[in-house]
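See below for target_31.cif, which holds mmCIF, C-alpha atoms.
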```
data_input
loop_
_atom_site.group_PDB
_atom_site.id
_atom_site.type_symbol
_atom_site.label_atom_id
_atom_site.label_comp_id
_atom_site.auth_asym_id
_atom_site.auth_seq_id
_atom_site.Cartn_x
_atom_site.Cartn_y
_atom_site.Cartn_z
ATOM 1 C CA MET A 6 175.347 64.588 151.204
ATOM 2 C CA ASN A 7 178.566 62.661 151.829
ATOM 3 C CA GLY A 8 182.053 63.763 150.858
ATOM 4 C CA PRO A 9 183.608 67.219 150.468
ATOM 5 C CA GLY A 10 183.332 67.103 146.679
ATOM 6 C CA GLY A 11 179.599 66.535 146.774
ATOM 7 C CA ARG A 12 179.116 69.237 149.377
ATOM 8 C CA ARG A 13 181.021 71.727 147.202
ATOM 9 C CA VAL A 14 178.819 70.887 144.211
ATOM 10 C CA LEU A 15 175.646 71.320 146.251
ATOM 11 C CA ALA A 16 176.934 74.626 147.616
ATOM 12 C CA SER A 17 177.430 75.872 144.045
ATOM 13 C CA LEU A 18 173.826 74.934 143.275
ATOM 14 C CA ARG A 19 172.394 77.485 145.678
ATOM 15 C CA ALA A 20 171.335 80.946 144.658
ATOM 16 C CA ASP A 21 173.734 83.802 145.416
ATOM 17 C CA CYS A 22 171.774 86.926 144.532
ATOM 18 C CA GLY A 23 174.795 89.147 145.133
ATOM 19 C CA ARG A 24 176.469 87.591 142.072
ATOM 20 C CA CYS A 25 173.409 87.839 139.785
ATOM 21 C CA GLN A 26 171.849 90.633 137.758
ATOM 22 C CA GLY A 27 168.368 89.957 139.101
ATOM 23 C CA LEU A 28 167.469 87.487 136.339
ATOM 24 C CA CYS A 29 164.625 85.930 138.331
ATOM 25 C CA CYS A 30 163.131 89.426 138.629
ATOM 26 C CA VAL A 31 163.175 89.914 134.868
ATOM 27 C CA VAL A 32 162.893 86.679 132.889
ATOM 28 C CA PRO A 33 159.848 84.883 134.379
ATOM 29 C CA ALA A 34 156.288 86.161 134.108
ATOM 30 C CA PHE A 35 153.934 86.188 137.073
ATOM 31 C CA ALA A 36 150.289 87.007 137.576
ATOM 32 C CA ALA A 37 148.565 88.874 140.378
ATOM 33 C CA SER A 38 147.602 86.248 142.930
ATOM 34 C CA ALA A 39 148.171 85.194 146.513
ATOM 35 C CA ASP A 40 151.842 84.840 145.578
ATOM 36 C CA PHE A 41 152.331 88.106 143.689
ATOM 37 C CA ALA A 42 150.742 91.504 144.212
ATOM 38 C CA ILE A 43 150.959 92.520 140.534
ATOM 39 C CA ASP A 44 151.064 91.172 136.984
ATOM 40 C CA LYS A 45 154.477 91.085 135.320
ATOM 41 C CA PRO A 46 155.074 89.905 131.747
ATOM 42 C CA ALA A 47 158.084 87.779 130.873
ATOM 43 C CA GLY A 48 161.206 89.766 130.068
ATOM 44 C CA LYS A 49 160.111 92.907 131.899
ATOM 45 C CA ALA A 50 161.863 93.887 135.103
ATOM 46 C CA CYS A 51 159.816 93.853 138.288
ATOM 47 C CA PRO A 52 159.259 97.464 139.446
ATOM 48 C CA ASN A 53 160.860 96.541 142.762
ATOM 49 C CA LEU A 54 164.189 95.728 141.066
ATOM 50 C CA GLY A 55 166.695 98.526 141.504
ATOM 51 C CA ALA A 56 169.434 99.743 139.186
ATOM 52 C CA ASP A 57 171.912 97.801 141.345
ATOM 53 C CA PHE A 58 169.998 94.589 140.597
ATOM 54 C CA ARG A 59 168.776 94.408 144.194
ATOM 55 C CA CYS A 60 165.185 94.061 145.347
ATOM 56 C CA GLY A 61 163.953 97.256 146.953
ATOM 57 C CA ILE A 62 161.546 95.405 149.246
ATOM 58 C CA HIS A 63 163.609 92.282 149.922
ATOM 59 C CA THR A 64 163.016 92.348 153.682
ATOM 60 C CA GLN A 65 159.291 93.073 153.223
ATOM 61 C CA LEU A 66 158.356 90.722 150.383
ATOM 62 C CA ARG A 67 155.775 88.775 152.391
ATOM 63 C CA ASP A 68 154.249 91.920 153.888
ATOM 64 C CA LYS A 69 154.080 93.597 150.467
ATOM 65 C CA GLY A 70 152.271 90.677 148.820
ATOM 66 C CA PHE A 71 155.187 88.891 147.137
ATOM 67 C CA PRO A 72 155.581 85.599 149.046
ATOM 68 C CA GLY A 73 156.159 83.846 145.714
ATOM 69 C CA CYS A 74 159.488 85.638 145.408
ATOM 70 C CA THR A 75 160.650 84.344 148.786
ATOM 71 C CA VAL A 76 160.303 80.700 147.750
ATOM 72 C CA TYR A 77 161.717 80.882 144.229
ATOM 73 C CA ASP A 78 164.996 79.008 143.794
ATOM 74 C CA CYS A 79 167.178 79.169 140.698
ATOM 75 C CA PHE A 80 169.628 76.618 142.167
ATOM 76 C CA GLY A 81 172.523 78.929 141.305
ATOM 77 C CA ALA A 82 171.594 79.365 137.656
ATOM 78 C CA GLY A 83 171.309 83.141 138.014
ATOM 79 C CA GLN A 84 174.888 83.754 139.043
ATOM 80 C CA HIS A 85 176.139 81.181 136.535
ATOM 81 C CA VAL A 86 174.459 82.913 133.584
ATOM 82 C CA THR A 87 175.537 86.339 134.846
ATOM 83 C CA GLU A 88 179.173 85.420 135.435
ATOM 84 C CA ALA A 89 179.355 83.605 132.100
ATOM 85 C CA GLY A 90 178.491 86.887 130.401
ATOM 86 C CA ALA A 91 175.218 85.539 129.037
ATOM 87 C CA ALA A 92 172.816 87.869 130.832
ATOM 88 C CA GLY A 93 171.994 89.448 127.472
ATOM 89 C CA ARG A 94 170.596 86.081 126.363
ATOM 90 C CA ALA A 95 168.890 85.398 129.679
ATOM 91 C CA ALA A 96 165.407 84.978 128.207
ATOM 92 C CA GLU A 97 166.689 81.968 126.270
ATOM 93 C CA VAL A 98 169.421 80.621 128.540
ATOM 94 C CA PHE A 99 168.246 81.211 132.112
ATOM 95 C CA PRO A 100 165.152 78.911 132.112
ATOM 96 C CA ALA A 101 167.182 76.001 130.733
ATOM 97 C CA MET A 102 170.060 76.586 133.147
ATOM 98 C CA ARG A 103 167.663 76.762 136.072
ATOM 99 C CA ASP A 104 166.204 73.339 135.207
ATOM 100 C CA LEU A 105 169.635 71.821 134.577
ATOM 101 C CA HIS A 106 170.925 73.118 137.913
ATOM 102 C CA GLU A 107 167.911 71.654 139.698
ATOM 103 C CA LEU A 108 168.439 68.248 138.101
ATOM 104 C CA LEU A 109 172.135 68.332 139.005
ATOM 105 C CA TYR A 110 171.175 69.173 142.597
ATOM 106 C CA TYR A 111 169.025 66.044 142.839
ATOM 107 C CA VAL A 112 171.552 63.789 141.110
ATOM 108 C CA THR A 113 174.393 65.045 143.312
ATOM 109 C CA GLU A 114 172.340 64.465 146.449
ATOM 110 C CA ALA A 115 171.529 60.896 145.366
ATOM 111 C CA LEU A 116 175.232 60.238 144.774
ATOM 112 C CA GLY A 117 175.756 60.811 148.487
ATOM 113 C CA TRP A 118 173.421 58.016 149.552
ATOM 114 C CA GLN A 119 175.326 54.850 150.370
ATOM 115 C CA ALA A 120 172.212 52.709 149.920
ATOM 116 C CA ALA A 121 171.960 53.936 146.315
ATOM 117 C CA ALA A 122 175.392 52.510 145.440
ATOM 118 C CA PRO A 123 173.943 50.156 142.772
ATOM 119 C CA VAL A 124 173.053 53.183 140.638
ATOM 120 C CA HIS A 125 176.033 55.395 141.520
ATOM 121 C CA ASP A 126 177.778 54.719 138.219
ATOM 122 C CA GLU A 127 174.737 55.802 136.231
ATOM 123 C CA LEU A 128 174.193 58.774 138.510
ATOM 124 C CA GLY A 129 177.835 59.786 138.028
ATOM 125 C CA ARG A 130 177.546 59.652 134.251
ATOM 126 C CA THR A 131 174.344 61.701 134.442
ATOM 127 C CA ALA A 132 176.010 64.299 136.654
ATOM 128 C CA GLY A 133 178.862 64.589 134.166
ATOM 129 C CA GLU A 134 176.416 65.077 131.307
ATOM 130 C CA LEU A 135 174.564 67.798 133.194
ATOM 131 C CA GLU A 136 177.789 69.563 134.154
ATOM 132 C CA GLU A 137 178.889 69.656 130.512
ATOM 133 C CA LEU A 138 175.545 71.125 129.401
ATOM 134 C CA ILE A 139 175.712 73.741 132.145
ATOM 135 C CA ALA A 140 179.319 74.711 131.419
ATOM 136 C CA ALA A 141 178.488 75.183 127.727
ATOM 137 C CA LEU A 142 175.260 77.113 128.474
ATOM 138 C CA THR A 143 173.473 74.616 126.256
ATOM 139 C CA VAL A 144 169.772 75.223 125.744
ATOM 140 C CA VAL A 145 168.136 71.793 125.641
ATOM 141 C CA ASP A 146 164.696 70.262 125.977
ATOM 142 C CA THR A 147 164.818 70.010 129.755
ATOM 143 C CA GLY A 148 161.395 68.400 129.860
ATOM 144 C CA ALA A 149 162.674 65.416 127.892
ATOM 145 C CA LEU A 150 165.842 65.337 129.971
ATOM 146 C CA ARG A 151 163.843 65.360 133.177
ATOM 147 C CA GLY A 152 161.722 62.502 131.852
ATOM 148 C CA ARG A 153 164.862 60.463 131.275
ATOM 149 C CA ILE A 154 166.490 61.246 134.619
ATOM 150 C CA SER A 155 163.420 60.978 136.869
ATOM 151 C CA PRO A 156 163.269 57.140 136.761
ATOM 152 C CA LEU A 157 166.925 57.024 137.833
ATOM 153 C CA LEU A 158 166.221 59.331 140.766
ATOM 154 C CA LEU A 159 163.216 57.201 141.696
ATOM 155 C CA ARG A 160 165.361 54.074 141.650
ATOM 156 C CA ALA A 161 167.894 55.742 143.965
ATOM 157 C CA SER A 162 165.062 56.779 146.261
ATOM 158 C CA GLU A 163 163.628 53.269 146.355
ATOM 159 C CA LEU A 164 167.012 51.830 147.289
ATOM 160 C CA VAL A 165 167.193 54.200 150.267
ATOM 161 C CA ARG A 166 163.579 53.859 151.375
ATOM 162 C CA GLY A 167 163.334 50.103 150.932
ATOM 163 C CA ARG A 168 159.999 48.541 151.724
ATOM 164 C CA GLY A 169 157.392 49.666 154.190
ATOM 165 C CA GLY A 170 157.040 53.318 153.246
ATOM 166 C CA ARG A 171 153.564 54.557 152.370
ATOM 167 C CA THR A 172 152.578 55.765 148.918
ATOM 168 C CA MET A 173 150.327 58.766 149.424
ATOM 169 C CA LYS A 174 147.610 60.052 147.134
ATOM 170 C CA MET A 175 148.520 63.067 145.052
ATOM 171 C CA ASP A 176 145.949 65.502 146.452
ATOM 172 C CA LEU A 177 146.514 66.122 150.144
ATOM 173 C CA ILE A 178 145.653 69.811 150.124
ATOM 174 C CA GLY A 179 144.679 70.783 153.654
ATOM 175 C CA ALA A 180 145.038 67.175 154.847
ATOM 176 C CA ARG A 181 145.104 66.462 158.571
ATOM 177 C CA LEU A 182 148.333 64.529 158.998
ATOM 178 C CA ARG A 183 149.338 65.711 162.448
ATOM 179 C CA GLY A 184 151.663 63.224 164.113
ATOM 180 C CA SER A 185 151.612 60.884 161.107
ATOM 181 C CA ASP A 186 154.325 58.303 160.583
ATOM 182 C CA LEU A 187 155.498 59.163 157.061
ATOM 183 C CA ARG A 188 158.948 57.631 157.322
ATOM 184 C CA ARG A 189 160.151 56.442 153.906
ATOM 185 C CA ALA A 190 156.845 57.563 152.365
ATOM 186 C CA ASN A 191 156.523 58.317 148.667
ATOM 187 C CA LEU A 192 155.440 61.960 148.540
ATOM 188 C CA ARG A 193 156.813 62.683 145.069
ATOM 189 C CA GLY A 194 154.843 65.560 143.536
ATOM 190 C CA VAL A 195 152.142 65.361 146.211
ATOM 191 C CA LEU A 196 150.065 68.501 146.802
ATOM 192 C CA LEU A 197 150.443 69.252 150.516
ATOM 193 C CA ILE A 198 149.329 72.882 150.325
ATOM 194 C CA GLY A 199 148.098 73.971 153.745
ATOM 195 C CA ALA A 200 148.392 70.436 155.133
ATOM 196 C CA ASP A 201 148.688 69.932 158.883
ATOM 197 C CA LEU A 202 151.981 68.068 159.308
ATOM 198 C CA ARG A 203 152.641 69.132 162.880
ATOM 199 C CA GLY A 204 154.778 66.554 164.622
ATOM 200 C CA ALA A 205 154.847 64.292 161.550
ATOM 201 C CA ASP A 206 157.828 61.994 161.009
ATOM 202 C CA LEU A 207 159.172 62.537 157.481
ATOM 203 C CA ARG A 208 162.549 60.911 157.851
ATOM 204 C CA GLU A 209 163.712 59.424 154.538
ATOM 205 C CA ALA A 210 160.445 60.392 152.861
ATOM 206 C CA ASP A 211 160.847 61.219 149.174
ATOM 207 C CA VAL A 212 159.524 64.767 148.773
ATOM 208 C CA ILE A 213 160.838 65.605 145.307
ATOM 209 C CA GLY A 214 158.402 68.064 143.727
ATOM 210 C CA ALA A 215 156.048 67.991 146.732
ATOM 211 C CA ASP A 216 154.145 71.264 147.124
ATOM 212 C CA LEU A 217 154.544 72.365 150.735
ATOM 213 C CA ARG A 218 153.182 75.872 150.391
ATOM 214 C CA ASN A 219 151.729 76.971 153.724
ATOM 215 C CA ALA A 220 151.975 73.426 155.107
ATOM 216 C CA ASP A 221 152.451 73.432 158.882
ATOM 217 C CA LEU A 222 155.678 71.603 159.725
ATOM 218 C CA SER A 223 155.803 72.678 163.368
ATOM 219 C CA GLY A 224 157.548 69.963 165.337
ATOM 220 C CA ALA A 225 157.944 67.758 162.248
ATOM 221 C CA ASN A 226 161.083 65.696 161.695
ATOM 222 C CA LEU A 227 162.532 66.154 158.193
ATOM 223 C CA THR A 228 166.043 64.915 158.900
ATOM 224 C CA GLY A 229 167.080 62.656 156.070
ATOM 225 C CA ALA A 230 164.122 63.637 153.862
ATOM 226 C CA LEU A 231 165.051 62.818 150.275
ATOM 227 C CA PHE A 232 165.357 65.592 147.671
ATOM 228 C CA LEU A 233 164.122 68.257 150.085
ATOM 229 C CA THR A 234 165.047 71.757 148.901
ATOM 230 C CA GLN A 235 165.421 75.082 150.645
ATOM 231 C CA SER A 236 162.574 76.542 148.611
ATOM 232 C CA GLN A 237 160.204 73.839 149.893
ATOM 233 C CA LEU A 238 161.059 74.764 153.477
ATOM 234 C CA ASP A 239 160.726 78.457 152.667
ATOM 235 C CA ALA A 240 157.234 77.861 151.289
ATOM 236 C CA ALA A 241 156.078 76.073 154.434
ATOM 237 C CA ARG A 242 155.461 77.101 158.023
ATOM 238 C CA GLY A 243 157.454 75.729 160.927
ATOM 239 C CA ASP A 244 158.912 76.529 164.304
ATOM 240 C CA ALA A 245 161.968 76.054 166.478
ATOM 241 C CA SER A 246 161.081 72.416 167.122
ATOM 242 C CA THR A 247 160.975 71.509 163.414
ATOM 243 C CA ARG A 248 163.961 69.301 162.637
ATOM 244 C CA VAL A 249 165.545 70.036 159.256
ATOM 245 C CA PRO A 250 168.560 68.551 157.443
ATOM 246 C CA LYS A 251 171.893 70.111 158.392
ATOM 247 C CA ALA A 252 172.513 71.133 154.784
ATOM 248 C CA LEU A 253 169.442 73.374 154.751
ATOM 249 C CA GLY A 254 168.612 76.506 156.709
ATOM 250 C CA ARG A 255 165.689 77.268 158.986
ATOM 251 C CA PRO A 256 163.557 79.951 157.255
ATOM 252 C CA ALA A 257 163.626 83.304 158.995
ATOM 253 C CA HIS A 258 159.833 83.640 158.919
ATOM 254 C CA TRP A 259 159.248 80.473 160.959
ATOM 255 C CA ALA A 260 157.855 81.249 164.377
ATOM 256 C CA ARG A 261 159.682 80.097 167.472
ATOM 257 C CA ALA A 262 157.972 77.330 169.397
ATOM 258 C CA GLU A 263 157.378 77.739 173.111
ATOM 259 C CA ARG A 264 158.391 74.142 173.752
ATOM 260 C CA PRO A 265 159.359 71.150 171.585
ATOM 261 C CA VAL A 266 156.765 68.688 170.394
ATOM 262 C CA ARG A 267 157.002 65.416 172.280
ATOM 263 C CA ARG A 268 156.797 62.094 170.474
#
```
Have the structure of the file written as structure tokens, please.
Amino acid sequence: MNGPGGRRVLASLRADCGRCQGLCCVVPAFAASADFAIDKPAGKACPNLGADFRCGIHTQLRDKGFPGCTVYDCFGAGQHVTEAGAAGRAAEVFPAMRDLHELLYYVTEALGWQAAAPVHDELGRTAGELEELIAALTVVDTGALRGRISPLLLRASELVRGRGGRTMKMDLIGARLRGSDLRRANLRGVLLIGADLRGADLREADVIGADLRNADLSGANLTGALFLTQSQLDAARGDASTRVPKALGRPAHWARAERPVRR
């Protein structure tokens, strides 16, 4: 992301649990599965949520059977709703704000790509629209809004990726892609659950909506990957030789590699 203004916007679109009343632990429902150890209906607080709005097992979520919690990202919507004094209406407001914050994250990132200059004006107008909706805590049909904005994000992506990138099939669950050249590839919404991406080159690949749960990114190069989010990295596996964008952090649960992967 280029420019101090854009970096400040992106920083505000990251979750800060210390400024939130645990909305993600209350509003969404989840079912007992590989991601969650228990069933929880929507609107009911998780039993692990304390009176101080802190998770009682935060440092043990994976060990306790709650890996789904470790990869959830509200894109800063939680603290926004809390600090706006709307936590009492969280069931209605929080889901919409979460989606609006996510869309603003993608639009702001695209505004930082020089190659996407032909659509910067439209991206700027879209960012302004999203910021107004967020500031007013407006509950809108985010599905329809996403449908309108997605083609614009795709156009920005295409301008950056140019020609030559591969378009991958949607179902790559468990795929063996070790060492693959996926530079500038279209991986939008692709299911890469458990895929072997060790040593793969994902520079400038469009990964918006790609499901990277338990994918092995050891030694992979994700610098410059388009629309990559922290939650996608958190859902995957990696090591010390995995190259990630400077704006994102290396997940704490990633194992350290004994030596870097050679190309």
Long-range neighbours of Leu196 (chain A) as a ChimeraX atom specification, 8 Å cut-off, all atoms listed in the file, 2 positions minimum in chain: /A:175-178,194,198,215-217
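CA of Cys29 (chain A) lies 10.2 Å from CA of Leu54 (chain A).
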Near-Gly169 (chain A) list (9 Å; all atoms listed in the file; drop same-chain fewer than 5 positions) as a ChimeraX atom specification: /A:188-190
I need the chosen residues saved as a PDB file, in the frame of the given file, with C-alpha atoms.
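Dumped to result.pdb:
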```pdb
ATOM      1  CA  ARG A 188     158.948  57.631 157.322  1.00  0.00           C
ATOM      2  CA  ARG A 189     160.151  56.442 153.906  1.00  0.00           C
ATOM      3  CA  ALA A 190     156.845  57.563 152.365  1.00  0.00           C
TER       4      ALA A 190
END
```
Selected residue, from A:Val165, A:Ala225, A:Ala230, A:Ala92, that lies nearest to Leu192 (chain A) when counting only C-alpha atoms: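 Closest residue, counting only C-alpha atoms: A:Ala230.
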Evaluate the PyMOL selection byres ((chain A and resi 30) around 8) and report residues as a ChimeraX atom specification: /A:27-29,31-33,50-51,54
Residue neighbourhood Ala115 (chain A), 8 Å, all atoms listed in the file, exclusion window fewer than 6 positions, as an NGL selection string: :A and (6 or 121 or 128 or 158 or 161-162)
Picked residues, the PyMOL selection byres ((chain A and resi 150) around 12), as a list in words: Ala101, Asp104, Leu105, Glu107, Leu108, Leu109, Thr131, Glu134, Leu135, Leu138, Val144, Val145, Asp146, Thr147, Gly148, Ala149, Arg151, Gly152, Arg153, Ile154, Ser155, Pro156 and Leu157 of chain A
